[in-house]
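Here is structure_11.txt, consisting of compact mmCIF, C-alpha atoms:
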# COMPACT_ATOMS: atom_id res chain seq x y z
CA MET A 173 235.08 71.97 -76.72
CA ASN A 174 232.08 74.08 -75.79
CA GLN A 175 230.15 74.54 -79.01
CA ARG A 176 228.35 77.57 -77.60
CA LEU A 177 231.58 79.55 -77.60
CA LEU A 178 231.72 79.18 -81.36
CA GLU A 179 228.10 80.18 -81.65
CA GLN A 180 229.07 83.51 -80.06
CA ALA A 181 231.23 84.10 -83.14
CA ASP A 182 228.02 84.32 -85.19
CA LEU A 183 227.84 80.62 -86.07
CA THR A 184 224.61 78.63 -85.99
CA PRO A 185 224.63 75.43 -83.88
CA THR A 186 224.85 73.37 -87.08
CA GLU A 187 227.74 75.44 -88.46
CA ALA A 188 229.61 75.25 -85.15
CA LYS A 189 229.22 71.46 -84.95
CA ILE A 190 230.43 70.99 -88.53
CA TYR A 191 233.39 73.35 -88.05
CA LEU A 192 234.48 71.47 -84.91
CA CYS A 193 234.13 68.18 -86.79
CA LEU A 194 236.37 69.44 -89.60
CA LEU A 195 238.97 70.71 -87.13
CA GLU A 196 239.08 67.28 -85.52
CA LYS A 197 238.84 65.02 -88.60
CA GLY A 198 240.75 67.06 -91.17
CA SER A 199 239.88 66.84 -94.87
CA ILE A 200 236.68 64.76 -95.28
CA ARG A 201 233.62 64.51 -97.51
CA ALA A 202 230.09 65.72 -96.75
CA GLY A 203 228.81 62.18 -96.15
CA GLU A 204 231.45 61.60 -93.48
CA ILE A 205 230.55 64.91 -91.83
CA SER A 206 226.92 63.76 -91.75
CA ARG A 207 227.88 60.44 -90.10
CA HIS A 208 230.15 62.03 -87.50
CA THR A 209 227.75 64.83 -86.53
CA GLY A 210 224.35 63.19 -87.05
CA ILE A 211 223.29 66.14 -89.22
CA HIS A 212 221.25 65.37 -92.33
CA ARG A 213 223.37 65.53 -95.50
CA ARG A 214 221.22 68.24 -97.09
CA SER A 215 221.67 70.41 -93.99
CA VAL A 216 225.41 69.67 -94.07
CA TYR A 217 225.69 71.01 -97.62
CA ASP A 218 223.69 74.16 -96.73
CA ALA A 219 225.79 74.86 -93.63
CA ILE A 220 229.08 74.24 -95.47
CA GLU A 221 228.15 76.79 -98.12
CA ARG A 222 227.58 79.36 -95.41
CA LEU A 223 230.87 78.44 -93.74
CA ILE A 224 232.67 78.82 -97.08
CA GLN A 225 231.17 82.30 -97.50
CA LYS A 226 232.43 83.18 -94.01
CA GLY A 227 235.90 81.97 -94.90
CA LEU A 228 235.84 79.20 -92.30
CA VAL A 229 235.81 76.22 -94.67
CA SER A 230 237.57 75.44 -97.95
CA TYR A 231 237.59 72.36 -100.18
CA ILE A 232 239.70 70.50 -102.68
CA LYS A 233 238.52 68.28 -105.52
CA THR A 234 239.99 64.80 -105.91
CA ASN A 235 238.58 62.43 -108.51
CA ASN A 236 235.71 64.85 -108.97
CA ARG A 237 234.82 64.61 -105.27
CA ARG A 238 234.90 67.46 -102.79
CA TYR A 239 236.87 67.13 -99.58
CA TYR A 240 236.17 69.84 -97.03
CA GLU A 241 238.55 71.19 -94.41
CA ALA A 242 238.43 73.86 -91.70
CA ALA A 243 240.24 77.16 -92.13
CA ASN A 244 242.58 78.53 -89.45
CA PRO A 245 240.58 79.25 -86.24
CA GLN A 246 242.12 82.74 -86.28
CA ARG A 247 239.42 83.47 -88.85
CA LEU A 248 236.87 83.37 -85.97
CA LEU A 249 238.58 86.37 -84.39
CA ASP A 250 238.61 88.12 -87.75
CA LEU A 251 234.85 87.57 -88.03
CA LEU A 252 234.28 89.11 -84.62
CA LYS A 253 236.43 92.12 -85.56
CA GLU A 254 234.52 92.55 -88.81
CA LYS A 255 231.27 92.38 -86.89
CA GLU A 256 232.50 95.04 -84.46
CA GLU A 257 233.69 97.28 -87.32
CA ASN A 258 230.31 96.95 -89.03
CA LEU A 259 228.59 97.97 -85.79
CA ARG A 260 230.91 100.96 -85.43
CA GLU A 261 229.96 102.11 -88.94
CA VAL A 262 226.24 102.14 -88.17
CA MET A 263 226.65 103.43 -84.60
CA PRO A 264 226.06 107.12 -85.56
CA GLU A 265 222.75 106.12 -87.15
CA LEU A 266 221.77 104.03 -84.11
CA GLN A 267 222.63 106.91 -81.78
CA LEU A 268 220.57 109.28 -83.92
CA LEU A 269 217.57 106.93 -83.74
CA ARG A 270 217.95 106.80 -79.95
CA LYS A 271 218.18 110.59 -79.74
CA LEU A 272 215.06 111.04 -81.86
CA SER A 273 213.26 108.53 -79.67
CA GLU A 274 214.35 110.35 -76.51
CA GLU A 275 213.12 113.66 -77.88
CA LYS A 276 209.64 112.21 -78.20
CA LYS A 277 209.53 111.28 -74.51
CA GLU A 278 208.54 114.22 -72.37
CA VAL A 279 207.83 112.59 -69.00
CA LEU A 280 209.60 109.59 -67.45
CA PHE A 281 208.81 107.93 -64.13
CA PHE A 282 211.34 106.09 -61.96
CA ARG A 283 210.84 103.99 -58.85
CA GLY A 284 213.46 102.35 -56.64
CA LYS A 285 217.02 103.04 -55.56
CA GLN A 286 218.64 101.67 -58.71
CA ALA A 287 216.24 103.53 -60.99
CA ILE A 288 216.92 106.84 -59.22
CA LYS A 289 220.58 106.56 -60.20
CA THR A 290 219.48 106.92 -63.83
CA VAL A 291 218.23 110.45 -63.09
CA PHE A 292 221.58 111.52 -61.67
CA ALA A 293 223.54 109.78 -64.43
CA ASP A 294 221.51 111.89 -66.86
CA GLN A 295 222.71 115.03 -65.06
CA ILE A 296 226.32 113.95 -65.61
CA GLN A 297 225.55 113.23 -69.25
CA ALA A 298 224.03 116.69 -69.73
CA GLY A 299 227.15 118.34 -68.32
CA LYS A 300 225.34 121.55 -67.32
CA GLU A 301 224.99 123.46 -64.05
CA ILE A 302 222.51 121.82 -61.68
CA LEU A 303 220.06 123.89 -59.64
CA THR A 304 218.56 122.14 -56.61
CA PHE A 305 215.96 123.27 -54.14
CA GLY A 306 213.87 121.55 -51.52
CA ASP A 307 214.58 120.12 -48.08
CA ALA A 308 218.03 118.85 -47.23
CA VAL A 309 217.93 115.06 -47.22
CA ASN A 310 221.01 112.97 -46.51
CA VAL A 311 220.67 110.97 -49.70
CA ASN A 312 223.69 108.82 -48.78
CA GLU A 313 221.49 107.16 -46.18
CA ILE A 314 218.94 106.21 -48.83
CA VAL A 315 221.15 105.40 -51.84
CA LYS A 316 224.34 104.22 -50.16
CA TYR A 317 227.77 104.46 -51.79
CA TYR A 318 226.45 106.08 -55.00
CA PHE A 319 226.84 109.82 -54.42
CA PRO A 320 230.60 109.86 -53.76
CA HIS A 321 230.89 108.29 -57.22
CA PHE A 322 228.41 110.83 -58.63
CA ASP A 323 230.31 113.77 -57.10
CA LYS A 324 233.60 112.41 -58.43
CA GLN A 325 232.20 112.29 -61.98
CA ARG A 326 230.68 115.74 -61.54
CA THR A 327 233.99 117.17 -60.35
CA GLU A 328 235.86 115.62 -63.27
CA LYS A 329 233.45 117.34 -65.69
CA ASN A 330 233.44 120.57 -63.63
CA ILE A 331 229.65 120.48 -63.23
CA LYS A 332 228.71 123.03 -60.56
CA VAL A 333 225.67 122.84 -58.31
CA ARG A 334 223.69 125.58 -56.64
CA MET A 335 221.52 124.38 -53.78
CA MET A 336 218.79 126.18 -51.88
CA PHE A 337 217.38 124.71 -48.66
CA ASP A 338 215.25 125.67 -45.69
CA GLU A 339 217.07 127.50 -42.85
CA SER A 340 216.76 124.38 -40.70
CA ALA A 341 219.34 122.65 -42.93
CA ARG A 342 222.20 124.94 -41.83
CA LYS A 343 223.16 122.45 -39.11
CA GLU A 344 223.63 119.60 -41.60
CA LYS A 345 227.39 118.98 -41.72
CA TYR A 346 227.32 116.72 -44.78
CA LEU A 347 226.30 119.67 -46.98
CA LYS A 348 229.72 121.28 -46.47
CA GLN A 349 231.40 118.16 -47.87
CA ILE A 350 229.73 118.33 -51.29
CA PRO A 351 232.26 119.59 -53.90
CA LEU A 352 231.69 122.39 -56.43
CA THR A 353 228.59 123.52 -54.58
CA ASP A 354 227.23 126.95 -53.67
CA ILE A 355 224.55 126.67 -50.96
CA LYS A 356 222.03 129.24 -49.74
CA PHE A 357 219.21 129.00 -47.21
CA ILE A 358 215.75 130.51 -47.11
CA LYS A 359 212.89 130.36 -44.65
CA LYS A 360 210.01 128.52 -46.23
CA GLY A 361 208.17 127.08 -43.24
CA SER A 362 207.10 123.64 -44.43
CA LYS A 363 209.23 120.50 -44.78
CA ALA A 364 208.91 117.48 -47.06
CA PRO A 365 211.50 114.94 -48.33
CA VAL A 366 211.26 116.23 -51.89
CA SER A 367 213.92 117.85 -54.05
CA THR A 368 213.71 119.49 -57.46
CA ASN A 369 216.68 119.51 -59.83
CA ILE A 370 216.88 121.77 -62.88
CA TYR A 371 219.52 121.19 -65.54
CA ALA A 372 219.79 121.68 -69.30
CA ASP A 373 216.21 121.42 -70.62
CA LYS A 374 215.02 119.05 -67.87
CA VAL A 375 213.40 119.11 -64.47
CA SER A 376 213.51 116.16 -62.08
CA ILE A 377 211.34 115.91 -58.97
CA ILE A 378 212.51 113.31 -56.48
CA MET A 379 210.61 111.97 -53.47
CA TRP A 380 213.25 110.75 -51.01
CA GLU A 381 211.49 107.84 -49.34
CA GLU A 382 212.84 104.41 -48.39
CA ASN A 383 211.75 103.36 -51.88
CA PRO A 384 212.42 106.67 -53.72
CA LYS A 385 210.48 107.86 -56.74
CA ALA A 386 211.27 110.42 -59.39
CA ILE A 387 209.64 112.23 -62.28
CA LEU A 388 211.91 113.43 -65.08
CA ILE A 389 210.40 116.02 -67.40
CA LYS A 390 212.09 117.06 -70.61
CA GLU A 391 210.56 120.35 -71.68
CA ALA A 392 212.71 123.42 -72.34
CA SER A 393 209.99 125.96 -71.53
CA LEU A 394 209.19 124.25 -68.22
CA ALA A 395 212.88 124.02 -67.30
CA ASN A 396 213.31 127.74 -68.06
CA SER A 397 210.27 128.58 -65.92
CA PHE A 398 211.65 126.58 -62.97
CA ARG A 399 215.07 128.17 -63.53
CA SER A 400 213.58 131.68 -63.41
CA TYR A 401 211.77 130.83 -60.17
CA PHE A 402 215.00 129.46 -58.69
CA GLU A 403 216.95 132.60 -59.64
CA PHE A 404 214.23 134.80 -58.12
CA MET A 405 214.34 132.91 -54.79
CA TRP A 406 218.14 132.72 -54.93
CA GLY A 407 218.18 136.51 -54.72
CA PHE A 408 216.38 136.41 -51.35
CA ALA A 409 218.28 133.41 -49.93
CA LYS A 410 221.31 133.81 -47.66
CA ARG A 411 224.56 131.88 -47.36
As structure tokens, how would this structure be written, given the file I've shared?
Amino acid sequence: MNQRLLEQADLTPTEAKIYLCLLEKGSIRAGEISRHTGIHRRSVYDAIERLIQKGLVSYIKTNNRRYYEAANPQRLLDLLKEKEENLREVMPELQLLRKLSEEKKEVLFFRGKQAIKTVFADQIQAGKEILTFGDAVNVNEIVKYYFPHFDKQRTEKNIKVRMMFDESARKEKYLKQIPLTDIKFIKKGSKAPVSTNIYADKVSIIMWEENPKAILIKEASLANSFRSYFEFMWGFAKR
């Protein structure tokens, strides 16, 4: 049997080897365990005590000698369940620590197609309206297969998007296929493969290159400033 599988149940290599030995040999003494496993007797005694505390080994005394035997392997599953329950109990504290850590980070940088997905996953997590402006870029050509999944999640959470692009983007057919989206156009003159997304208390600036890059800024006052600018320009833009 693969000893490593038992080690995944929170057993040390020594404990796993001894437990397997006891399952195979039945009720035996510590010296016999040492001979069968090659583990020093002192280490055998230490490991057995830990196994007893875990409920995986018991013993009987005969003629003032201890004979050890393995408990039902079902106990391994019980240990895993207990471990999971313990983790569930501390999960709120762990999540709080993560949240506090996130609040300290004001600017994050991302590079690469996989990393960019993190920015959009954060938009889903925030669950707020997304405001987007910049030049229309067919992002499906850069990050293939991801955005249908993103739009599906967004639709399920009823997250609406307002987009504002240069007039030249009116001819882009793919824009009409994006769900829960209100799109307007404005004449701005210059073009660059950059988009800015505003949501919740965050602003993300994405450079849509073959190897895309993004800056994610978490700052409520900055997000509100960008949002005010967007609303001002939205008033001049046309559908």
(request) Enter the distance from atom CA of Phe282 of chain A to atom CA of Lys329 of chain A, in Å, rounded to one decimal. (result) 25.1 Å
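With distances restricted to all atoms listed in the file, A:Ser199 is the closest residue to Ala243 of chain A from A:Gln267, A:Gln286, A:Ser199, A:Thr304.
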Surrounding residues of Arg201 of chain A excluding itself and chain neighbours under 3 positions, 6 Å, all atoms listed in the file, as a PDB file with C-alpha atoms, in the frame of the given file:
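See result_0.pdb below for the written result:
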ATOM      1  CA  GLU A 204     231.450  61.600 -93.480  1.00  0.00           C
ATOM      2  CA  TYR A 239     236.870  67.130 -99.580  1.00  0.00           C
ATOM      3  CA  TYR A 240     236.170  69.840 -97.030  1.00  0.00           C
TER       4      TYR A 240
END
(request) Would you kindly return, as a count of residues only, each protein, DNA or RNA residue with an atom no farther than 7 Å from any atom of Ile302 of chain A, considering all atoms listed in the file and excluding same-chain residues fewer than 4 positions away? (result) 6
(request) With a distance cut-off of 9 Å and only C-alpha atoms, select the neighbouring residues of segment 214-218 of chain A, excluding the residue or stretch itself and same-chain residues fewer than 6 positions from it, and output the selection as JSON, numbers by chain. (result) {"A": [186, 187, 190, 202, 203, 205, 206]}
(request) Figure out the distance between atom CA of Asn383 of chain A and atom CA of Gln349 of chain A, please, to one decimal in Å. (result)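 Separation between atom CA of Gln349 of chain A and atom CA of Asn383 of chain A: 24.9 Å.
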Sorted by chain and rising residue number, which residues of segment 238-345 of chain A lie within 10 Å of segment 387-407 of chain A, and what are their closest atom pairs and distances in Å to one decimal, counting all atoms listed in the file, as JSON lines?
{"residue": "A:Glu274", "atom": "CA", "partner": "A:Lys390", "partner_atom": "CA", "distance": 9.2}
{"residue": "A:Glu275", "atom": "CA", "partner": "A:Lys390", "partner_atom": "CA", "distance": 8.1}
{"residue": "A:Lys276", "atom": "CA", "partner": "A:Lys390", "partner_atom": "CA", "distance": 9.3}
{"residue": "A:Lys277", "atom": "CA", "partner": "A:Lys390", "partner_atom": "CA", "distance": 7.4}
{"residue": "A:Glu278", "atom": "CA", "partner": "A:Lys390", "partner_atom": "CA", "distance": 4.9}
{"residue": "A:Val279", "atom": "CA", "partner": "A:Ile389", "partner_atom": "CA", "distance": 4.6}
{"residue": "A:Leu280", "atom": "CA", "partner": "A:Leu388", "partner_atom": "CA", "distance": 5.1}
{"residue": "A:Phe281", "atom": "CA", "partner": "A:Ile387", "partner_atom": "CA", "distance": 4.8}
{"residue": "A:Phe282", "atom": "CA", "partner": "A:Ile387", "partner_atom": "CA", "distance": 6.4}
{"residue": "A:Arg283", "atom": "CA", "partner": "A:Ile387", "partner_atom": "CA", "distance": 9.0}
{"residue": "A:Ile288", "atom": "CA", "partner": "A:Ile387", "partner_atom": "CA", "distance": 9.6}
{"residue": "A:Val291", "atom": "CA", "partner": "A:Leu388", "partner_atom": "CA", "distance": 7.3}
{"residue": "A:Asp294", "atom": "CA", "partner": "A:Leu388", "partner_atom": "CA", "distance": 9.9}
{"residue": "A:Ile302", "atom": "CA", "partner": "A:Arg399", "partner_atom": "CA", "distance": 10.0}
{"residue": "A:Leu303", "atom": "CA", "partner": "A:Phe402", "partner_atom": "CA", "distance": 7.6}
{"residue": "A:Thr304", "atom": "CA", "partner": "A:Phe402", "partner_atom": "CA", "distance": 8.4}
{"residue": "A:Phe305", "atom": "CA", "partner": "A:Phe402", "partner_atom": "CA", "distance": 7.7}
{"residue": "A:Arg334", "atom": "CA", "partner": "A:Trp406", "partner_atom": "CA", "distance": 9.2}
{"residue": "A:Met335", "atom": "CA", "partner": "A:Trp406", "partner_atom": "CA", "distance": 9.1}
{"residue": "A:Met336", "atom": "CA", "partner": "A:Trp406", "partner_atom": "CA", "distance": 7.2}
(request) Find, counting only C-alpha atoms, the residue in A:Ser340, A:Gln325, A:Gln295, A:Thr234 that gets nearest to Lys356 of chain A. (result) A:Ser340
(request) Mind checking which residues fall within 12 Å of segment 220-228 of chain A, counting all atoms listed in the file, ignoring those fewer than 6 positions away in the same chain, and posting them as a PyMOL selection string? (result) chain A and resi 178+181-184+186-195+201-202+205-206+211+213-214+238-252+254-255
Got time to write the residues from that selection, C-alpha atoms, as a short mmCIF file (atom, residue, chain, number, x, y, z; two decimals), keeping the file's coordinate frame?
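Writing the result to again35.cif gives the following:
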data_model
loop_
_atom_site.label_atom_id
_atom_site.label_comp_id
_atom_site.auth_asym_id
_atom_site.auth_seq_id
_atom_site.Cartn_x
_atom_site.Cartn_y
_atom_site.Cartn_z
CA LEU A 178 231.72 79.18 -81.36
CA ALA A 181 231.23 84.10 -83.14
CA ASP A 182 228.02 84.32 -85.19
CA LEU A 183 227.84 80.62 -86.07
CA THR A 184 224.61 78.63 -85.99
CA THR A 186 224.85 73.37 -87.08
CA GLU A 187 227.74 75.44 -88.46
CA ALA A 188 229.61 75.25 -85.15
CA LYS A 189 229.22 71.46 -84.95
CA ILE A 190 230.43 70.99 -88.53
CA TYR A 191 233.39 73.35 -88.05
CA LEU A 192 234.48 71.47 -84.91
CA CYS A 193 234.13 68.18 -86.79
CA LEU A 194 236.37 69.44 -89.60
CA LEU A 195 238.97 70.71 -87.13
CA ARG A 201 233.62 64.51 -97.51
CA ALA A 202 230.09 65.72 -96.75
CA ILE A 205 230.55 64.91 -91.83
CA SER A 206 226.92 63.76 -91.75
CA ILE A 211 223.29 66.14 -89.22
CA ARG A 213 223.37 65.53 -95.50
CA ARG A 214 221.22 68.24 -97.09
CA ARG A 238 234.90 67.46 -102.79
CA TYR A 239 236.87 67.13 -99.58
CA TYR A 240 236.17 69.84 -97.03
CA GLU A 241 238.55 71.19 -94.41
CA ALA A 242 238.43 73.86 -91.70
CA ALA A 243 240.24 77.16 -92.13
CA ASN A 244 242.58 78.53 -89.45
CA PRO A 245 240.58 79.25 -86.24
CA GLN A 246 242.12 82.74 -86.28
CA ARG A 247 239.42 83.47 -88.85
CA LEU A 248 236.87 83.37 -85.97
CA LEU A 249 238.58 86.37 -84.39
CA ASP A 250 238.61 88.12 -87.75
CA LEU A 251 234.85 87.57 -88.03
CA LEU A 252 234.28 89.11 -84.62
CA GLU A 254 234.52 92.55 -88.81
CA LYS A 255 231.27 92.38 -86.89
#
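In this model, the gap between atom CA of Lys233 of chain A and atom CA of Gly198 of chain A comes to 14.6 Å.
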(message) Let me make sure I understand: among A:Arg326, A:Arg176, A:Arg237, A:Arg260, which one has the smallest atom-to-atom distance to Thr353 of chain A if we use all atoms listed in the file?
(response) A:Arg326
Using N, CA and C atoms, give me segment 305-316 of chain A from the structure I just pasted, as a PDB file, in the first residue's frame.
ATOM      1  N   PHE A 305     -14.373  52.524 -20.152  1.00  0.00           N
ATOM      2  CA  PHE A 305     -14.157  53.430 -21.274  1.00  0.00           C
ATOM      3  C   PHE A 305     -12.764  53.223 -21.840  1.00  0.00           C
ATOM      4  N   GLY A 306     -12.618  53.581 -23.093  1.00  0.00           N
ATOM      5  CA  GLY A 306     -11.364  53.370 -23.802  1.00  0.00           C
ATOM      6  C   GLY A 306     -11.668  53.037 -25.241  1.00  0.00           C
ATOM      7  N   ASP A 307     -10.747  52.333 -25.895  1.00  0.00           N
ATOM      8  CA  ASP A 307     -10.972  51.914 -27.275  1.00  0.00           C
ATOM      9  C   ASP A 307     -11.480  50.489 -27.289  1.00  0.00           C
ATOM     10  N   ALA A 308     -12.394  50.223 -28.201  1.00  0.00           N
ATOM     11  CA  ALA A 308     -12.962  48.875 -28.302  1.00  0.00           C
ATOM     12  C   ALA A 308     -11.891  47.909 -28.791  1.00  0.00           C
ATOM     13  N   VAL A 309     -11.606  46.929 -27.980  1.00  0.00           N
ATOM     14  CA  VAL A 309     -10.642  45.885 -28.333  1.00  0.00           C
ATOM     15  C   VAL A 309     -11.362  44.555 -28.234  1.00  0.00           C
ATOM     16  N   ASN A 310     -11.242  43.730 -29.271  1.00  0.00           N
ATOM     17  CA  ASN A 310     -11.864  42.402 -29.212  1.00  0.00           C
ATOM     18  C   ASN A 310     -11.022  41.524 -28.301  1.00  0.00           C
ATOM     19  N   VAL A 311     -11.336  41.576 -27.027  1.00  0.00           N
ATOM     20  CA  VAL A 311     -10.513  40.882 -26.024  1.00  0.00           C
ATOM     21  C   VAL A 311     -10.542  39.369 -26.201  1.00  0.00           C
ATOM     22  N   ASN A 312     -11.566  38.843 -26.873  1.00  0.00           N
ATOM     23  CA  ASN A 312     -11.639  37.394 -27.098  1.00  0.00           C
ATOM     24  C   ASN A 312     -10.502  36.906 -27.985  1.00  0.00           C
ATOM     25  N   GLU A 313      -9.927  37.819 -28.761  1.00  0.00           N
ATOM     26  CA  GLU A 313      -8.797  37.443 -29.603  1.00  0.00           C
ATOM     27  C   GLU A 313      -7.502  37.396 -28.807  1.00  0.00           C
ATOM     28  N   ILE A 314      -7.482  38.063 -27.668  1.00  0.00           N
ATOM     29  CA  ILE A 314      -6.273  38.093 -26.834  1.00  0.00           C
ATOM     30  C   ILE A 314      -6.351  37.048 -25.731  1.00  0.00           C
ATOM     31  N   VAL A 315      -7.474  37.030 -25.003  1.00  0.00           N
ATOM     32  CA  VAL A 315      -7.686  36.033 -23.943  1.00  0.00           C
ATOM     33  C   VAL A 315      -8.830  35.121 -24.411  1.00  0.00           C
ATOM     34  N   LYS A 316      -8.484  34.108 -25.153  1.00  0.00           N
ATOM     35  CA  LYS A 316      -9.492  33.257 -25.787  1.00  0.00           C
ATOM     36  C   LYS A 316     -10.262  32.426 -24.764  1.00  0.00           C
TER      37      LYS A 316
END
